[in-house]
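Novice: After the structure tokens below, expect a handful of questions from me.
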Amino acid sequence: MFHPKGPRFMELVRQGLSSVEEGYDLLAPKFDYTPFRTPELVLKASLAQLGPPGSVGSALDVCCGTGAAMRHLRPLCRERVVGVDLSQGMLDEARRRLAKAPGTAALEFVRGDALALPWHEEFDLVTSYGAFGHIPEEDEPRLVENVHRVLKPGGRFVFATGDEPSRRSAGYWMARAFNAAMRVRNALWSPPFVMYYLTFLLPRARALLEAGGFHVEARCEALPEPYSRYELWTVTATRR
């Protein structure tokens, strides 16, 4: 499951008993060697249609982690690429990993909350990958509101998600069982660690975005092996 340079079992246990912020501070140096890091194939497929190099003014990657998406965004941008994350450890790792990333846009790393973004109509593009499981379902409208506020009129919010899986599939029930276990963990142990599956899926994401002032387009991506059995949707939500 993990790369030899990845975290050991007890390191994952320690992370799971921490807060989200502290847990990712601990995991940051080894995060890119875990299955939690968004695969390059997914990033490339999702970001391929954004335009040629230099076609975007400025971009914000929400919950940027170690900067995987920022590496792809920098050549696209003329001005700046900003990564925001709750974990300072992840931001420090992103800064280190992107020190020689291709492109000329300025790189900025900001510690902050996806539900309290500090900008207003500053970005042409907002992206987010692998982060929606850390946002409780009841807070998803706040996420949409924040993204809408930081985008310029006509700006795009681009992300990858999935469609609602069949309730007859084993994966659906495994995800539901994991979510139930996390709710029990958070009820019995403090601080809570927010991480759930089957979040911000296509039907609900579309409805929230359209209600929040976006025009939404979604396309299903064909992925090569070993991901061909997964259904990946790239969503482009344009601020009206």
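In the structure tokens, chains take the letters A, B, ... in the order shown, each chain's residues start at 1, and ligands count up from 1 in the order shown.
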Could you go through stretch 6-237 of chain A and tell me which residues DSSP, when run on the backbone, assigns to strand (DSSP E or B), listing them as a PyMOL selection string?
Specialist: chain A and resi 56-62+77-85+106-111+123-128+151-161+214-221+232-237
Novice: List the spatial neighbours of stretch 154-160 of chain A as number ranges by chain - criterion: any atom at most 6 Å away, only C-alpha atoms, same-chain residues fewer than 2 positions off excluded.
Specialist: A: 124-128, 151-152, 233-240
Novice: Residues of stretch 53-141 of chain A that have any atom at most 12 Å from an atom of stretch 201-212 of chain A: could you tabulate them with the shortest-distance atom pair and the distance in Å to one decimal, using only C-alpha atoms, ordered by chain and increasing number, as a tab-separated table?
Specialist:
residue	atom	partner	partner_atom	distance
A:Phe132	CA	A:Leu201	CA	9.3
A:Gly133	CA	A:Leu201	CA	10.4
A:Glu137	CA	A:Arg204	CA	9.9
A:Glu138	CA	A:Leu208	CA	11.4
A:Asp139	CA	A:Leu208	CA	11.1
A:Glu140	CA	A:Leu208	CA	7.9
A:Pro141	CA	A:Leu208	CA	6.5
Novice: Could you pull out the alpha helix (DSSP H) residues of stretch 119-208 of chain A from DSSP and send them as a PyMOL selection string?
Specialist: chain A and resi 140-150+170-188+202-208
Novice: Measuring between only C-alpha atoms, which one of A:Arg78, A:His134, A:Arg37, A:Arg185 shows the shortest distance to A:Val20?
Specialist: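 The answer is A:His134, which sits nearest to A:Val20.
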Novice: Would you please work out which residue, of A:Pro35, A:Gly213, A:Gly103, A:Pro165, is nearest to A:Gly130 when using only C-alpha atoms?
Specialist: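 For A:Gly130, the nearest of the candidates is A:Pro35.
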Novice: Could you list, as a PDB file with N, CA and C atoms, in the first residue's frame, every residue within 10 Å of A:Glu221, counting only C-alpha atoms and ignoring same-chain residues fewer than 3 positions away?
Specialist:
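Listed below is the output, out_21.pdb:
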ATOM      1  N   VAL A  42      -4.215  11.781 -12.579  1.00  0.00           N
ATOM      2  CA  VAL A  42      -5.471  12.483 -12.302  1.00  0.00           C
ATOM      3  C   VAL A  42      -5.286  13.989 -12.480  1.00  0.00           C
ATOM      4  N   ALA A  45      -4.941  14.819 -16.267  1.00  0.00           N
ATOM      5  CA  ALA A  45      -6.210  14.686 -16.978  1.00  0.00           C
ATOM      6  C   ALA A  45      -7.157  15.825 -16.635  1.00  0.00           C
ATOM      7  N   SER A  46      -7.178  16.216 -15.369  1.00  0.00           N
ATOM      8  CA  SER A  46      -8.103  17.245 -14.933  1.00  0.00           C
ATOM      9  C   SER A  46      -7.699  18.640 -15.389  1.00  0.00           C
ATOM     10  N   ALA A 160     -11.628  17.759  -9.378  1.00  0.00           N
ATOM     11  CA  ALA A 160     -11.996  16.400  -9.773  1.00  0.00           C
ATOM     12  C   ALA A 160     -12.869  15.780  -8.687  1.00  0.00           C
ATOM     13  N   ALA A 218     -19.322  19.519 -16.547  1.00  0.00           N
ATOM     14  CA  ALA A 218     -18.591  18.353 -16.043  1.00  0.00           C
ATOM     15  C   ALA A 218     -18.314  17.400 -17.194  1.00  0.00           C
ATOM     16  N   PRO A 224      -5.859   6.022 -17.964  1.00  0.00           N
ATOM     17  CA  PRO A 224      -5.132   4.794 -18.318  1.00  0.00           C
ATOM     18  C   PRO A 224      -4.970   3.886 -17.107  1.00  0.00           C
ATOM     19  N   SER A 228      -8.038   2.816 -14.831  1.00  0.00           N
ATOM     20  CA  SER A 228      -9.083   2.784 -15.842  1.00  0.00           C
ATOM     21  C   SER A 228     -10.435   2.349 -15.289  1.00  0.00           C
ATOM     22  N   TYR A 230     -11.749   3.373 -12.569  1.00  0.00           N
ATOM     23  CA  TYR A 230     -12.341   4.448 -11.782  1.00  0.00           C
ATOM     24  C   TYR A 230     -12.996   5.481 -12.698  1.00  0.00           C
ATOM     25  N   GLU A 231     -14.097   6.040 -12.247  1.00  0.00           N
ATOM     26  CA  GLU A 231     -14.778   7.097 -12.979  1.00  0.00           C
ATOM     27  C   GLU A 231     -14.381   8.443 -12.387  1.00  0.00           C
ATOM     28  N   LEU A 232     -13.725   9.252 -13.188  1.00  0.00           N
ATOM     29  CA  LEU A 232     -13.262  10.564 -12.739  1.00  0.00           C
ATOM     30  C   LEU A 232     -13.979  11.651 -13.524  1.00  0.00           C
ATOM     31  N   TRP A 233     -14.549  12.591 -12.803  1.00  0.00           N
ATOM     32  CA  TRP A 233     -15.214  13.731 -13.431  1.00  0.00           C
ATOM     33  C   TRP A 233     -14.423  15.000 -13.121  1.00  0.00           C
ATOM     34  N   THR A 234     -14.116  15.756 -14.168  1.00  0.00           N
ATOM     35  CA  THR A 234     -13.534  17.090 -13.990  1.00  0.00           C
ATOM     36  C   THR A 234     -14.668  18.104 -14.079  1.00  0.00           C
TER      37      THR A 234
END
Novice: Tell me which of A:Arg111, A:Val62, A:Gly67, A:Arg74 sits closest to A:Glu40, counting only C-alpha atoms.
Specialist: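 Of A:Arg111, A:Val62, A:Gly67, A:Arg74, the one nearest A:Glu40 is A:Gly67, counting only C-alpha atoms.
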Novice: Rank nothing, just name the residue among A:Pro7, A:Pro136, A:Pro52, A:Pro75 nearest to A:Thr199, using only C-alpha atoms.
Specialist: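 Residue with the minimum atom-to-atom distance to A:Thr199: A:Pro136.
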Novice: Which residue gives the smallest distance to A:Lys5 among A:Asp85, A:Glu79, A:Asp32, A:Asp25, with only C-alpha atoms counted?
Specialist: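 Smallest separation from A:Lys5 among the options: A:Asp32.
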Novice: Nearest to A:Ala68: which of A:Tyr129, A:Gly16, A:Phe200, A:Arg176 is it, counting only C-alpha atoms?
Specialist: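 Of the candidates, the smallest distance to A:Ala68 is held by A:Tyr129.
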Novice: Could you work out how far atom CA of A:Asp61 lies from atom CA of A:Gly23, giving the answer in Å with one decimal?
Specialist: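 Computing it gives 20.2 Å between the two atoms.
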Novice: Can you tell me which residues surround A:Arg142 at a distance of at most 9 Å, considering only C-alpha atoms, apart from same-chain residues fewer than 4 positions away, and format the answer as a list in words?
Specialist: Ala114, Leu115, Ala116, Glu138, Asn146 and Val147 of chain A
Novice: Just give me the gap between atom CA of A:Val56 and atom CA of A:Cys77 in Å, one decimal is fine.
Specialist: 4.6 Å
Novice: Distance atom CA of A:Phe36-atom CA of A:Gly65, one decimal place?
Specialist: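 Calculated distance between atom CA of A:Phe36 and atom CA of A:Gly65 is 10.4 Å.
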Novice: Please provide as number ranges by chain all residues within 12 Å of A:Arg8, with the sequence filter that same-chain residues fewer than 5 positions apart are discarded (counting only C-alpha atoms).
Specialist: A: 1-3, 13-15, 26-27, 30-31, 33-34
Novice: Would you pick out the contacts of A:Phe178 at 8 Å or less, using only C-alpha atoms, so that residues sharing its chain but fewer than 4 positions from it are not included, and give the list as a list in words?
Specialist: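 Everything that qualifies: Met174, Met182, Tyr196 and Tyr197 of chain A.
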Novice: Restricted to C-alpha atoms, what would the selected residues look like written as a JSON list (two decimals), in the first residue's frame?
Specialist:
[["chain", "number", "residue", "atom", "x", "y", "z"],
["A", 174, "MET", "CA", -16.63, 0.16, 2.54],
["A", 182, "MET", "CA", -14.61, 8.11, 11.83],
["A", 196, "TYR", "CA", -14.70, 11.20, 5.11],
["A", 197, "TYR", "CA", -15.31, 9.52, 1.76]]
